[in-house]
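*Asks:* The structure file start21.cif (mmCIF, C-alpha atoms) is provided below.
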```
data_model
loop_
_atom_site.label_atom_id
_atom_site.label_comp_id
_atom_site.auth_asym_id
_atom_site.auth_seq_id
_atom_site.Cartn_x
_atom_site.Cartn_y
_atom_site.Cartn_z
CA MET A 1 -43.72 -21.97 14.55
CA THR A 2 -42.51 -24.61 12.09
CA ARG A 3 -39.23 -24.42 10.21
CA GLU A 4 -41.16 -23.89 6.98
CA GLU A 5 -43.07 -20.94 8.45
CA ILE A 6 -39.83 -19.40 9.69
CA VAL A 7 -38.21 -19.70 6.27
CA THR A 8 -41.30 -18.31 4.50
CA LYS A 9 -41.35 -15.28 6.80
CA LEU A 10 -37.62 -14.82 6.31
CA GLY A 11 -38.26 -14.88 2.57
CA GLU A 12 -40.63 -11.93 2.94
CA ILE A 13 -37.97 -9.96 4.81
CA LEU A 14 -35.41 -10.80 2.13
CA GLU A 15 -37.82 -9.68 -0.56
CA ASP A 16 -38.38 -6.43 1.31
CA THR A 17 -34.60 -5.97 1.52
CA LEU A 18 -33.55 -7.12 -1.92
CA GLY A 19 -36.64 -7.03 -4.14
CA GLU A 20 -36.53 -9.42 -7.09
CA LYS A 21 -32.96 -10.43 -6.32
CA ALA A 22 -34.27 -12.53 -3.43
CA ALA A 23 -36.24 -14.80 -5.79
CA GLY A 24 -35.31 -18.47 -5.75
CA PHE A 25 -33.41 -18.35 -2.45
CA SER A 26 -32.94 -21.50 -0.40
CA GLU A 27 -31.69 -22.27 3.08
CA ASP A 28 -28.23 -22.82 1.60
CA SER A 29 -28.17 -19.39 -0.02
CA GLY A 30 -25.27 -17.30 1.24
CA LEU A 31 -26.50 -13.92 2.48
CA MET A 32 -23.62 -11.75 1.27
CA ASP A 33 -21.82 -14.06 -1.16
CA GLY A 34 -24.96 -15.67 -2.57
CA LEU A 35 -27.82 -13.16 -2.42
CA GLY A 36 -25.52 -10.16 -2.52
CA LEU A 37 -26.62 -8.40 0.68
CA THR A 38 -24.46 -5.46 1.64
CA SER A 39 -23.47 -4.78 5.24
CA VAL A 40 -26.32 -2.25 5.54
CA ASP A 41 -28.73 -4.89 4.18
CA MET A 42 -27.48 -7.28 6.86
CA LEU A 43 -28.25 -4.69 9.52
CA TYR A 44 -31.76 -4.24 8.15
CA LEU A 45 -32.27 -8.01 7.92
CA ILE A 46 -31.35 -8.37 11.58
CA ILE A 47 -33.63 -5.55 12.73
CA ALA A 48 -36.54 -6.75 10.59
CA THR A 49 -36.07 -10.32 11.81
CA GLU A 50 -36.07 -9.17 15.43
CA GLU A 51 -39.25 -7.17 14.88
CA SER A 52 -41.03 -9.91 12.91
CA PHE A 53 -40.19 -12.79 15.22
CA GLY A 54 -40.08 -10.91 18.52
CA ILE A 55 -36.56 -12.09 19.28
CA ARG A 56 -33.20 -10.38 19.94
CA PHE A 57 -29.90 -11.26 18.32
CA ARG A 58 -27.55 -11.30 21.27
CA ASN A 59 -23.78 -11.56 21.11
CA ILE A 60 -23.85 -12.04 17.40
CA GLY A 61 -22.09 -9.70 14.98
CA ILE A 62 -23.78 -8.09 12.00
CA MET A 63 -21.97 -10.31 9.52
CA ASP A 64 -21.66 -13.51 11.56
CA LEU A 65 -24.69 -15.23 10.01
CA ARG A 66 -23.61 -16.60 6.66
CA THR A 67 -26.66 -18.33 5.16
CA VAL A 68 -30.45 -18.15 5.26
CA GLY A 69 -30.40 -21.51 7.06
CA GLU A 70 -28.16 -20.12 9.81
CA VAL A 71 -30.62 -17.26 10.42
CA ALA A 72 -33.47 -19.81 10.57
CA ASP A 73 -31.44 -21.90 13.05
CA TYR A 74 -30.94 -18.86 15.26
CA ILE A 75 -34.65 -17.96 15.15
CA GLU A 76 -35.69 -21.54 15.94
CA GLU A 77 -33.36 -21.62 18.92
CA ALA A 78 -34.52 -18.21 20.17
CA LEU A 79 -38.21 -19.17 19.91
CA ARG A 80 -37.74 -22.42 21.80
CA MET B 1 32.35 -4.10 5.65
CA ARG B 2 34.00 -1.21 7.43
CA TRP B 3 35.51 1.76 5.67
CA ALA B 4 38.71 3.60 6.60
CA PRO B 5 41.50 5.54 4.88
CA ALA B 6 44.35 3.05 4.40
CA ASP B 7 47.02 1.93 1.98
CA CYS B 8 45.41 0.09 -0.90
CA ARG B 9 46.29 -3.18 -2.61
CA PRO B 10 45.27 -4.36 -6.08
CA GLY B 11 41.71 -5.69 -6.02
CA ASP B 12 40.54 -3.47 -3.11
CA ILE B 13 37.14 -1.81 -3.22
CA ILE B 14 37.54 1.89 -2.51
CA ARG B 15 35.24 4.89 -2.19
CA VAL B 16 35.32 8.64 -1.84
CA LYS B 17 32.66 11.10 -0.72
CA VAL B 18 31.70 13.51 -3.48
CA GLY B 19 29.13 16.01 -2.28
CA PRO B 20 26.23 14.06 -0.77
CA VAL B 21 27.06 10.68 -2.38
CA TRP B 22 29.83 8.10 -2.39
CA HIS B 23 31.75 7.23 -5.54
CA TYR B 24 33.08 3.65 -5.72
CA GLY B 25 35.86 1.95 -7.67
CA ILE B 26 38.29 -0.96 -7.84
CA PHE B 27 41.87 -0.12 -6.96
CA VAL B 28 44.55 -1.65 -9.19
CA SER B 29 47.36 0.85 -8.70
CA GLU B 30 47.89 4.58 -8.06
CA ASN B 31 47.64 4.98 -11.83
CA GLU B 32 44.71 2.65 -12.39
CA VAL B 33 41.38 2.89 -10.56
CA ILE B 34 38.48 1.29 -12.44
CA GLN B 35 35.08 2.86 -11.84
CA PHE B 36 31.66 3.19 -13.42
CA GLY B 37 31.41 6.82 -14.47
CA GLU B 38 33.40 9.82 -13.37
CA PRO B 39 33.20 11.13 -9.80
CA PRO B 40 29.94 13.15 -9.77
CA VAL B 41 31.58 16.49 -9.07
CA ALA B 42 29.18 18.36 -11.32
CA GLY B 43 25.99 16.78 -9.96
CA PRO B 44 24.17 13.51 -10.59
CA LEU B 45 25.39 11.27 -13.38
CA SER B 46 22.10 9.94 -14.60
CA GLY B 47 21.75 12.42 -17.43
CA ARG B 48 25.13 11.70 -18.99
CA ASP B 49 26.39 8.76 -21.00
CA GLN B 50 28.64 7.17 -18.41
CA LYS B 51 31.00 4.27 -19.09
CA ILE B 52 33.33 2.08 -17.06
CA ILE B 53 36.65 3.90 -17.08
CA ALA B 54 40.18 3.68 -15.66
CA THR B 55 41.74 6.82 -14.18
CA ASP B 56 44.50 7.62 -11.73
CA ILE B 57 43.73 7.89 -8.04
CA ASP B 58 43.80 11.69 -8.04
CA PHE B 59 41.07 11.90 -10.67
CA PHE B 60 39.04 9.26 -8.78
CA SER B 61 39.32 11.06 -5.44
CA ALA B 62 38.28 14.46 -6.87
CA GLY B 63 40.08 16.04 -3.94
CA GLY B 64 38.36 13.90 -1.31
CA ILE B 65 39.72 11.31 1.12
CA VAL B 66 39.80 7.79 -0.30
CA GLU B 67 38.54 5.02 1.99
CA ARG B 68 39.27 1.33 1.60
CA GLY B 69 36.62 -1.35 2.22
CA GLU B 70 37.79 -3.66 5.04
CA LEU B 71 36.00 -6.93 4.62
CA ASP B 72 34.87 -9.01 7.57
CA ARG B 73 35.69 -12.71 7.77
CA SER B 74 32.64 -13.96 5.90
CA GLU B 75 33.07 -11.33 3.18
CA GLU B 76 36.74 -12.35 2.78
CA LYS B 77 35.57 -15.92 2.21
CA ARG B 78 32.98 -14.88 -0.36
CA ARG B 79 35.08 -12.44 -2.38
CA PHE B 80 36.85 -13.38 -5.60
CA PRO B 81 40.67 -13.67 -5.50
CA ARG B 82 42.20 -10.22 -6.01
CA GLU B 83 43.57 -11.09 -9.47
CA LYS B 84 40.10 -12.14 -10.59
CA THR B 85 38.57 -8.89 -9.27
CA VAL B 86 41.14 -6.88 -11.25
CA ALA B 87 40.64 -9.00 -14.37
CA LEU B 88 36.86 -8.67 -14.13
CA ALA B 89 37.06 -4.90 -13.73
CA ARG B 90 39.43 -4.57 -16.68
CA SER B 91 37.29 -6.82 -18.87
CA ARG B 92 34.39 -4.44 -18.46
CA LEU B 93 36.19 -1.21 -19.42
CA GLY B 94 34.11 0.79 -21.89
CA GLU B 95 30.82 -0.80 -20.85
CA GLY B 96 27.84 1.59 -20.59
CA GLY B 97 24.27 1.26 -19.36
CA TYR B 98 24.73 3.42 -16.29
CA ASP B 99 21.59 3.68 -14.17
CA ILE B 100 21.76 5.69 -10.97
CA ILE B 101 19.33 3.28 -9.25
CA ARG B 102 20.06 -0.17 -10.66
CA ASN B 103 23.49 -0.08 -12.24
CA ASN B 104 25.77 2.48 -10.68
CA CYS B 105 29.39 2.65 -9.53
CA GLU B 106 28.59 0.82 -6.30
CA HIS B 107 26.90 -2.08 -8.14
CA PHE B 108 29.91 -2.33 -10.45
CA ALA B 109 32.44 -2.44 -7.61
CA TYR B 110 30.47 -5.07 -5.70
CA GLU B 111 30.10 -7.16 -8.84
CA CYS B 112 33.89 -7.18 -9.30
CA LEU B 113 34.31 -8.20 -5.67
CA PHE B 114 31.50 -10.68 -5.06
CA GLY B 115 30.01 -11.44 -8.47
CA GLU B 116 26.70 -9.84 -7.63
CA GLY B 117 25.79 -6.21 -7.75
CA ARG B 118 24.52 -4.46 -4.69
CA SER B 119 24.18 -0.91 -3.68
CA LEU B 120 23.89 -0.04 -0.02
CA GLN B 121 23.02 3.52 -1.00
CA GLU B 122 20.18 2.15 -3.09
CA GLU B 123 19.07 -0.22 -0.34
CA GLU B 124 19.10 2.60 2.22
CA LEU B 125 17.01 4.81 -0.04
CA ARG B 126 14.63 1.95 -0.78
CA LYS B 127 14.22 1.27 2.96
CA LYS B 128 13.58 4.97 3.54
CA TRP B 129 10.97 5.02 0.77
CA LEU B 130 9.19 1.95 2.10
CA ALA B 131 9.23 3.29 5.65
CA ARG B 132 7.71 6.65 4.72
CA PRO B 133 4.28 7.23 6.27
CA PHE B 134 1.55 7.04 3.65
CA LEU B 135 -2.11 6.17 3.27
CA ASP B 136 -3.25 5.83 -0.32
CA VAL B 137 -6.85 4.99 -1.13
CA TYR B 138 -7.79 3.73 -4.57
CA VAL B 139 -11.39 3.75 -5.76
CA ALA B 140 -12.77 2.23 -8.96
CA PRO B 141 -16.14 1.40 -10.47
CA ILE B 142 -16.65 -2.34 -10.96
CA PRO B 143 -16.09 -3.08 -14.66
CA GLU B 144 -18.92 -4.68 -16.62
CA GLU B 145 -16.61 -7.55 -17.55
CA PRO B 146 -13.83 -8.04 -14.99
CA ASP B 147 -10.47 -9.54 -15.92
CA ARG B 148 -11.07 -13.20 -15.07
CA SER B 149 -7.48 -14.44 -15.26
CA PRO B 150 -6.53 -16.11 -11.94
CA VAL B 151 -5.59 -13.77 -9.14
CA TYR B 152 -2.59 -14.25 -6.86
CA PRO B 153 -2.54 -15.95 -4.34
CA PRO B 154 -4.45 -19.13 -5.23
CA GLU B 155 -6.20 -19.05 -1.82
CA ARG B 156 -7.87 -15.77 -2.79
CA GLN B 157 -8.87 -17.24 -6.16
CA ALA B 158 -10.40 -20.22 -4.31
CA GLU B 159 -12.38 -17.83 -2.13
CA ILE B 160 -13.63 -16.00 -5.24
CA ASP B 161 -14.59 -19.29 -6.88
CA LYS B 162 -16.73 -20.20 -3.88
CA CYS B 163 -18.85 -17.06 -4.24
CA ARG B 164 -22.10 -17.94 -5.96
CA ASN B 165 -23.45 -14.47 -6.66
CA GLU B 166 -22.12 -13.33 -10.02
CA LYS B 167 -22.16 -9.62 -9.11
CA VAL B 168 -20.45 -10.13 -5.76
CA ARG B 169 -17.89 -12.39 -7.47
CA ALA B 170 -17.15 -9.61 -9.97
CA GLU B 171 -16.70 -7.20 -7.05
CA LYS B 172 -14.33 -9.59 -5.28
CA ILE B 173 -12.21 -9.89 -8.41
CA ALA B 174 -12.28 -6.15 -9.02
CA VAL B 175 -11.24 -5.23 -5.48
CA TRP B 176 -8.26 -7.61 -5.71
CA ARG B 177 -7.23 -6.21 -9.09
CA LEU B 178 -7.40 -2.78 -7.47
CA LEU B 179 -5.14 -4.03 -4.68
CA GLU B 180 -2.65 -5.22 -7.32
CA LYS B 181 -2.60 -1.70 -8.77
CA GLY B 182 -2.37 -0.09 -5.33
CA VAL B 183 0.53 -2.28 -4.22
CA SER B 184 2.33 -1.54 -7.46
CA ARG B 185 1.72 2.21 -7.33
CA SER B 186 2.25 2.83 -3.62
CA LEU B 187 5.04 0.33 -2.96
CA GLY B 188 6.56 -0.36 -6.37
CA LEU B 189 5.98 -4.07 -5.79
CA ASN B 190 4.41 -6.77 -7.87
CA ILE B 191 1.62 -8.45 -5.91
CA GLU B 192 3.44 -11.78 -6.28
CA GLU B 193 6.27 -10.37 -4.15
CA LEU B 194 3.90 -10.33 -1.17
CA ARG B 195 2.84 -13.25 0.97
CA PHE B 196 -0.82 -13.28 1.94
CA LYS B 197 -2.73 -14.94 4.72
CA LYS B 198 -6.40 -14.96 5.59
CA ARG B 199 -6.75 -14.49 9.32
CA ARG B 200 -9.29 -16.32 11.42
CA ASP B 201 -11.48 -13.23 11.49
CA GLY B 202 -11.65 -13.34 7.69
CA LYS B 203 -9.31 -10.39 7.09
CA TRP B 204 -6.62 -10.74 4.43
CA VAL B 205 -3.17 -9.58 5.55
CA SER B 206 0.25 -9.50 3.89
CA ASP B 207 3.85 -9.47 5.04
CA ARG B 208 4.89 -6.29 3.22
CA ALA B 209 1.92 -3.94 3.21
CA GLU B 210 -0.95 -2.88 5.41
CA PHE B 211 -4.16 -2.80 3.43
CA SER B 212 -7.92 -2.82 3.72
CA LEU B 213 -10.57 -3.78 1.15
CA SER B 214 -14.17 -2.80 0.55
CA HIS B 215 -16.66 -3.33 -2.23
CA SER B 216 -20.32 -2.55 -2.51
CA ARG B 217 -22.85 -2.34 -5.31
CA GLY B 218 -20.79 -1.19 -8.24
CA ALA B 219 -17.58 0.14 -6.65
CA ALA B 220 -14.43 -1.09 -4.98
CA ALA B 221 -12.06 0.71 -2.61
CA VAL B 222 -8.62 -0.31 -1.40
CA ALA B 223 -6.45 1.40 1.21
CA VAL B 224 -2.71 0.71 1.12
CA SER B 225 -0.67 2.15 3.97
CA SER B 226 2.55 1.98 5.93
CA ALA B 227 0.43 1.49 9.06
CA PRO B 228 -2.81 -0.34 9.93
CA CYS B 229 -5.81 1.13 8.15
CA GLY B 230 -9.49 0.60 7.44
CA VAL B 231 -11.69 1.57 4.50
CA ASP B 232 -15.37 1.22 3.66
CA ILE B 233 -17.41 2.23 0.65
CA GLU B 234 -21.21 2.15 0.22
CA ASN B 235 -23.45 3.17 -2.63
CA ALA B 236 -25.03 6.42 -1.45
CA ALA B 237 -27.31 6.92 -4.46
CA GLU B 238 -28.91 3.51 -3.99
CA PHE B 239 -29.12 3.96 -0.24
CA ARG B 240 -31.03 7.24 -0.58
CA ARG B 241 -33.52 5.58 -2.95
CA ARG B 242 -34.11 2.59 -0.72
CA TRP B 243 -34.08 4.23 2.67
CA ALA B 244 -36.12 7.32 2.03
CA SER B 245 -38.46 6.59 4.94
CA PRO B 246 -37.35 8.58 8.04
CA GLU B 247 -38.90 5.93 10.36
CA LYS B 248 -36.91 3.09 8.82
CA LEU B 249 -33.76 5.17 8.90
CA ARG B 250 -34.37 6.08 12.53
CA SER B 251 -34.69 2.42 13.50
CA LEU B 252 -31.42 1.60 11.72
CA ALA B 253 -29.65 4.56 13.31
CA LYS B 254 -30.87 3.73 16.82
CA ARG B 255 -29.55 0.23 16.45
CA ILE B 256 -26.02 1.19 15.53
CA SER B 257 -25.35 4.48 17.32
CA THR B 258 -24.05 5.62 20.64
CA ALA B 259 -26.09 8.52 22.12
CA ARG B 260 -23.59 11.09 20.80
CA GLU B 261 -23.55 9.57 17.33
CA LEU B 262 -27.35 9.46 17.10
CA GLU B 263 -27.49 13.24 17.35
CA LEU B 264 -25.53 13.48 14.10
CA VAL B 265 -27.92 11.40 12.01
CA ASP B 266 -30.48 13.56 10.26
CA GLY B 267 -30.88 11.80 6.91
CA PRO B 268 -29.58 9.06 4.60
CA ASP B 269 -26.21 10.71 3.91
CA SER B 270 -25.33 11.31 7.55
CA PHE B 271 -26.45 7.77 8.38
CA LEU B 272 -24.28 6.32 5.67
CA SER B 273 -21.36 8.48 6.73
CA LEU B 274 -21.69 7.04 10.26
CA TRP B 275 -22.07 3.50 8.95
CA THR B 276 -19.01 3.61 6.69
CA LYS B 277 -17.00 5.19 9.53
CA LYS B 278 -18.00 2.32 11.81
CA GLU B 279 -17.08 -0.33 9.28
CA ALA B 280 -13.74 1.34 8.54
CA VAL B 281 -12.95 1.60 12.26
CA PHE B 282 -13.94 -2.05 12.76
CA LYS B 283 -11.62 -3.09 9.94
CA LEU B 284 -8.81 -1.01 11.43
CA ASN B 285 -9.20 -2.51 14.90
CA GLY B 286 -9.90 -6.05 13.70
CA GLY B 287 -12.03 -8.60 15.46
CA LYS B 288 -14.20 -11.55 14.60
CA SER B 289 -17.63 -9.98 14.91
CA PHE B 290 -18.86 -6.52 13.97
CA PHE B 291 -21.01 -4.92 16.65
CA PRO B 292 -21.73 -1.46 15.24
CA HIS B 293 -23.14 0.01 18.47
CA LYS B 294 -19.92 -0.93 20.27
CA THR B 295 -17.72 0.68 17.61
CA ASP B 296 -17.52 4.28 18.82
CA THR B 297 -16.51 6.54 15.94
CA PHE B 298 -15.66 9.34 18.38
CA LYS B 299 -12.74 7.29 19.64
CA THR B 300 -11.01 6.91 16.26
CA VAL B 301 -10.29 9.74 13.85
CA SER B 302 -11.58 9.04 10.35
CA GLU B 303 -12.30 10.86 7.10
CA THR B 304 -15.52 10.52 5.16
CA ARG B 305 -16.09 11.75 1.61
CA LEU B 306 -18.99 11.64 -0.76
CA ILE B 307 -17.54 10.83 -4.16
CA SER B 308 -19.06 10.65 -7.65
CA ILE B 309 -17.63 8.01 -9.94
CA PRO B 310 -20.12 8.91 -11.49
CA GLU B 311 -22.70 7.38 -9.12
CA GLU B 312 -22.36 8.73 -5.60
CA TYR B 313 -20.64 6.69 -2.93
CA SER B 314 -19.88 7.31 0.70
CA LEU B 315 -16.28 6.47 1.53
CA SER B 316 -14.67 6.38 4.98
CA VAL B 317 -11.02 5.87 5.78
CA CYS B 318 -9.13 5.64 9.05
CA GLY B 319 -5.61 4.68 10.03
CA ASP B 320 -2.48 5.80 11.80
CA CYS B 321 -1.31 7.73 8.72
CA LEU B 322 -4.59 9.56 8.09
CA SER B 323 -2.81 12.91 7.84
CA ARG B 324 -1.09 11.53 4.70
CA LEU B 325 -4.35 10.48 3.02
CA ARG B 326 -4.33 10.61 -0.77
CA LEU B 327 -7.34 9.50 -2.79
CA TYR B 328 -7.18 8.19 -6.34
CA LEU B 329 -9.76 7.22 -8.89
CA VAL B 330 -8.49 4.28 -10.93
CA THR B 331 -9.62 4.08 -14.53
CA GLU B 332 -8.24 2.39 -17.63
CA LYS B 333 -6.01 5.43 -18.02
CA GLY B 334 -4.41 4.88 -14.61
CA ALA B 335 -4.74 6.39 -11.13
CA VAL B 336 -5.72 10.05 -11.00
CA PRO B 337 -6.20 12.06 -7.81
CA LEU B 338 -9.89 12.49 -7.03
CA SER B 339 -10.68 16.09 -7.80
CA ALA B 340 -12.76 18.45 -5.68
CA ASP B 341 -15.66 17.96 -8.10
CA GLU B 342 -15.73 14.30 -7.30
CA MET B 343 -15.67 14.87 -3.56
CA LYS B 344 -18.22 16.62 -1.43
#
```
Would you write the structure of this file as structure tokens?
*Replies:*
Amino acid sequence: MTREEIVTKLGEILEDTLGEKAAGFSEDSGLMDGLGLTSVDMLYLIIATEESFGIRFRNIGIMDLRTVGEVADYIEEALR
Amino acid sequence: MRWAPADCRPGDIIRVKVGPVWHYGIFVSENEVIQFGEPPVAGPLSGRDQKIIATDIDFFSAGGIVERGELDRSEEKRRFPREKTVALARSRLGEGGYDIIRNNCEHFAYECLFGEGRSLQEEELRKKWLARPFLDVYVAPIPEEPDRSPVYPPERQAEIDKCRNEKVRAEKIAVWRLLEKGVSRSLGLNIEELRFKKRRDGKWVSDRAEFSLSHSRGAAAVAVSSAPCGVDIENAAEFRRRWASPEKLRSLAKRISTARELELVDGPDSFLSLWTKKEAVFKLNGGKSFFPHKTDTFKTVSETRLISIPEEYSLSVCGDCLSRLRLYLVTEKGAVPLSADEMK
């Protein structure tokens, strides 16, 4: 899966979580400070990402991932 | 300074116990003791127009045993010469402005001795007040237009400035403004009297108060306590709308719960109650990363309330002083206790 595909899929999850507020996100977008995800949203994002990409977030706290790019990095690494 | 009954010399600081309090004065002679207000034989002085007066020693003592302040070496070095103490005391005869807390007979006597007022009685009471166990939680809706003047300390302002989401930035400002009010109301301190530090785990701490912050979709909550504490607030109304699907909720609950906790989740409200408890407990215990399934809410006592302000929020609080919990809604009119109608 290419980086672009990962980010596109992540975008769908963000849209599902946030609705219109997710529009115009980029890899630099902060999840909580930038897109305004709450802690519950972060939990959902993690579960949805695990289900969509077939990976598990191990040893990583709910609010440890700060940006969209960091989530994409984690997915890329997990899929390798 | 030690106190003992002894022969007095001009310029001595003396005191006498009157009921539960000490009355202080400057000894000049048996016929001249200068003091702020009369000995409080008929109760506290605050209600009466007290002035600095000179009386004889019998009037000053009000029948009690007069003690003389014996200064230690460093105090002897710091004190004014005796003649100056007497002259200072005399020069202030007739002065008013008595204040039982900030300008009483003890302040006056110390001023004549050292040049600066001090009241050990006041300091003792202040220490007692600050050491009392308390846990005050302040809740407020996020204002449409938050006060954008810089917050103290500058490091917090820098953190706010970095936040790109306008709504989250407004929440960050609002929660800090709420902390300012909480510190003022619970501790009687201006926020600038505190020193703040952001710990490595991202938690803000201060040298003079334990506190915890939370903000989420339209509301802010701040806990201020004499002991470590944790608070979390989440928008319940929005959560119910967005997480109506039992399957979705189940998958969230499974992910965060221990087996015992899972049994308690039967809908959005009970889920949110569990979630806010977990976040509050995590904030209380501290740590870099939040692993909800490892944060067992059965191991830490917490309180959860559903409050309407007017939208409904789930609020959880925990801390060593939980038995002293008091909840306030902060509006433009000030802090009012959250009434039963606002809590469910």
*Asks:* List every residue of chain A that has an atom at most 10 Å from any atom of chain B, giving for each one its closest atom pair and the distance in Å to one decimal, counting all atoms listed in the file, sorted by chain and then by ascending residue number, as JSON lines.
*Replies:*
```
{"residue": "A:Thr17", "atom": "CA", "partner": "B:Arg242", "partner_atom": "CA", "distance": 8.9}
{"residue": "A:Leu18", "atom": "CA", "partner": "B:Arg242", "partner_atom": "CA", "distance": 9.8}
{"residue": "A:Ser29", "atom": "CA", "partner": "B:Arg164", "partner_atom": "CA", "distance": 8.6}
{"residue": "A:Gly30", "atom": "CA", "partner": "B:Arg164", "partner_atom": "CA", "distance": 7.9}
{"residue": "A:Leu31", "atom": "CA", "partner": "B:Asn165", "partner_atom": "CA", "distance": 9.7}
{"residue": "A:Met32", "atom": "CA", "partner": "B:Val168", "partner_atom": "CA", "distance": 7.9}
{"residue": "A:Asp33", "atom": "CA", "partner": "B:Cys163", "partner_atom": "CA", "distance": 5.2}
{"residue": "A:Gly34", "atom": "CA", "partner": "B:Asn165", "partner_atom": "CA", "distance": 4.5}
{"residue": "A:Leu35", "atom": "CA", "partner": "B:Asn165", "partner_atom": "CA", "distance": 6.2}
{"residue": "A:Gly36", "atom": "CA", "partner": "B:Val168", "partner_atom": "CA", "distance": 6.0}
{"residue": "A:Leu37", "atom": "CA", "partner": "B:Val168", "partner_atom": "CA", "distance": 9.1}
{"residue": "A:Thr38", "atom": "CA", "partner": "B:Ser216", "partner_atom": "CA", "distance": 6.5}
{"residue": "A:Ser39", "atom": "CA", "partner": "B:Ser216", "partner_atom": "CA", "distance": 8.7}
{"residue": "A:Val40", "atom": "CA", "partner": "B:Trp275", "partner_atom": "CA", "distance": 7.9}
{"residue": "A:Asp41", "atom": "CA", "partner": "B:Phe239", "partner_atom": "CA", "distance": 9.9}
{"residue": "A:Leu43", "atom": "CA", "partner": "B:Leu252", "partner_atom": "CA", "distance": 7.4}
{"residue": "A:Tyr44", "atom": "CA", "partner": "B:Leu252", "partner_atom": "CA", "distance": 6.9}
{"residue": "A:Ile46", "atom": "CA", "partner": "B:Leu252", "partner_atom": "CA", "distance": 10.0}
{"residue": "A:Ile47", "atom": "CA", "partner": "B:Leu252", "partner_atom": "CA", "distance": 7.6}
{"residue": "A:Ala48", "atom": "CA", "partner": "B:Ser251", "partner_atom": "CA", "distance": 9.8}
{"residue": "A:Asn59", "atom": "CA", "partner": "B:Phe291", "partner_atom": "CA", "distance": 8.5}
{"residue": "A:Ile60", "atom": "CA", "partner": "B:Ser289", "partner_atom": "CA", "distance": 7.0}
{"residue": "A:Gly61", "atom": "CA", "partner": "B:Ser289", "partner_atom": "CA", "distance": 4.5}
{"residue": "A:Ile62", "atom": "CA", "partner": "B:Phe290", "partner_atom": "CA", "distance": 5.5}
{"residue": "A:Met63", "atom": "CA", "partner": "B:Phe290", "partner_atom": "CA", "distance": 6.6}
{"residue": "A:Asp64", "atom": "CA", "partner": "B:Ser289", "partner_atom": "CA", "distance": 6.3}
```
*Asks:* Kindly save the residues from that selection, with C-alpha atoms included, as a compact mmCIF listing (two decimals), keeping the file's coordinate frame.
*Replies:*
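Generated output (selection20.txt):
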```txt
# COMPACT_ATOMS: atom_id res chain seq x y z
CA THR A 17 -34.60 -5.97 1.52
CA LEU A 18 -33.55 -7.12 -1.92
CA SER A 29 -28.17 -19.39 -0.02
CA GLY A 30 -25.27 -17.30 1.24
CA LEU A 31 -26.50 -13.92 2.48
CA MET A 32 -23.62 -11.75 1.27
CA ASP A 33 -21.82 -14.06 -1.16
CA GLY A 34 -24.96 -15.67 -2.57
CA LEU A 35 -27.82 -13.16 -2.42
CA GLY A 36 -25.52 -10.16 -2.52
CA LEU A 37 -26.62 -8.40 0.68
CA THR A 38 -24.46 -5.46 1.64
CA SER A 39 -23.47 -4.78 5.24
CA VAL A 40 -26.32 -2.25 5.54
CA ASP A 41 -28.73 -4.89 4.18
CA LEU A 43 -28.25 -4.69 9.52
CA TYR A 44 -31.76 -4.24 8.15
CA ILE A 46 -31.35 -8.37 11.58
CA ILE A 47 -33.63 -5.55 12.73
CA ALA A 48 -36.54 -6.75 10.59
CA ASN A 59 -23.78 -11.56 21.11
CA ILE A 60 -23.85 -12.04 17.40
CA GLY A 61 -22.09 -9.70 14.98
CA ILE A 62 -23.78 -8.09 12.00
CA MET A 63 -21.97 -10.31 9.52
CA ASP A 64 -21.66 -13.51 11.56
```
*Asks:* Name the residues in contact with A:Val68 at a cut-off of 9 Å, using only C-alpha atoms, excluding same-chain residues fewer than 6 positions from it; report them as a ChimeraX atom specification.
*Replies:* /A:7,10-11,25-31
*Asks:* Calculate how many Å separate atom CA of B:Leu213 from atom CA of B:Asn190, rounding to one decimal.
*Replies:*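 Between atom CA of B:Leu213 and atom CA of B:Asn190 the gap works out to 17.7 Å.
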*Asks:* Expressed in Å to a single decimal, how great is the separation between atom CA of B:Leu88 and atom CA of B:Glu32?
*Replies:*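 Straight-line distance from atom CA of B:Leu88 to atom CA of B:Glu32 works out to 13.9 Å.
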*Asks:* Give as a count of residues only the residues that the PyMOL selection byres ((chain B and resi 281) around 12) matches when applied to the coordinates above.
*Replies:* 38
*Asks:* Evaluate the PyMOL selection byres ((chain B and resi 313) around 10) against this structure - the residues, as a VMD selection string, please.
*Replies:* chain B and resid 216 to 219 233 to 239 269 272 to 273 305 to 312 314 to 316 343
*Asks:* What does the distance from atom CA of B:Glu247 to atom CA of B:Phe271 come to in Å, to one decimal?
*Replies:* 12.7 Å
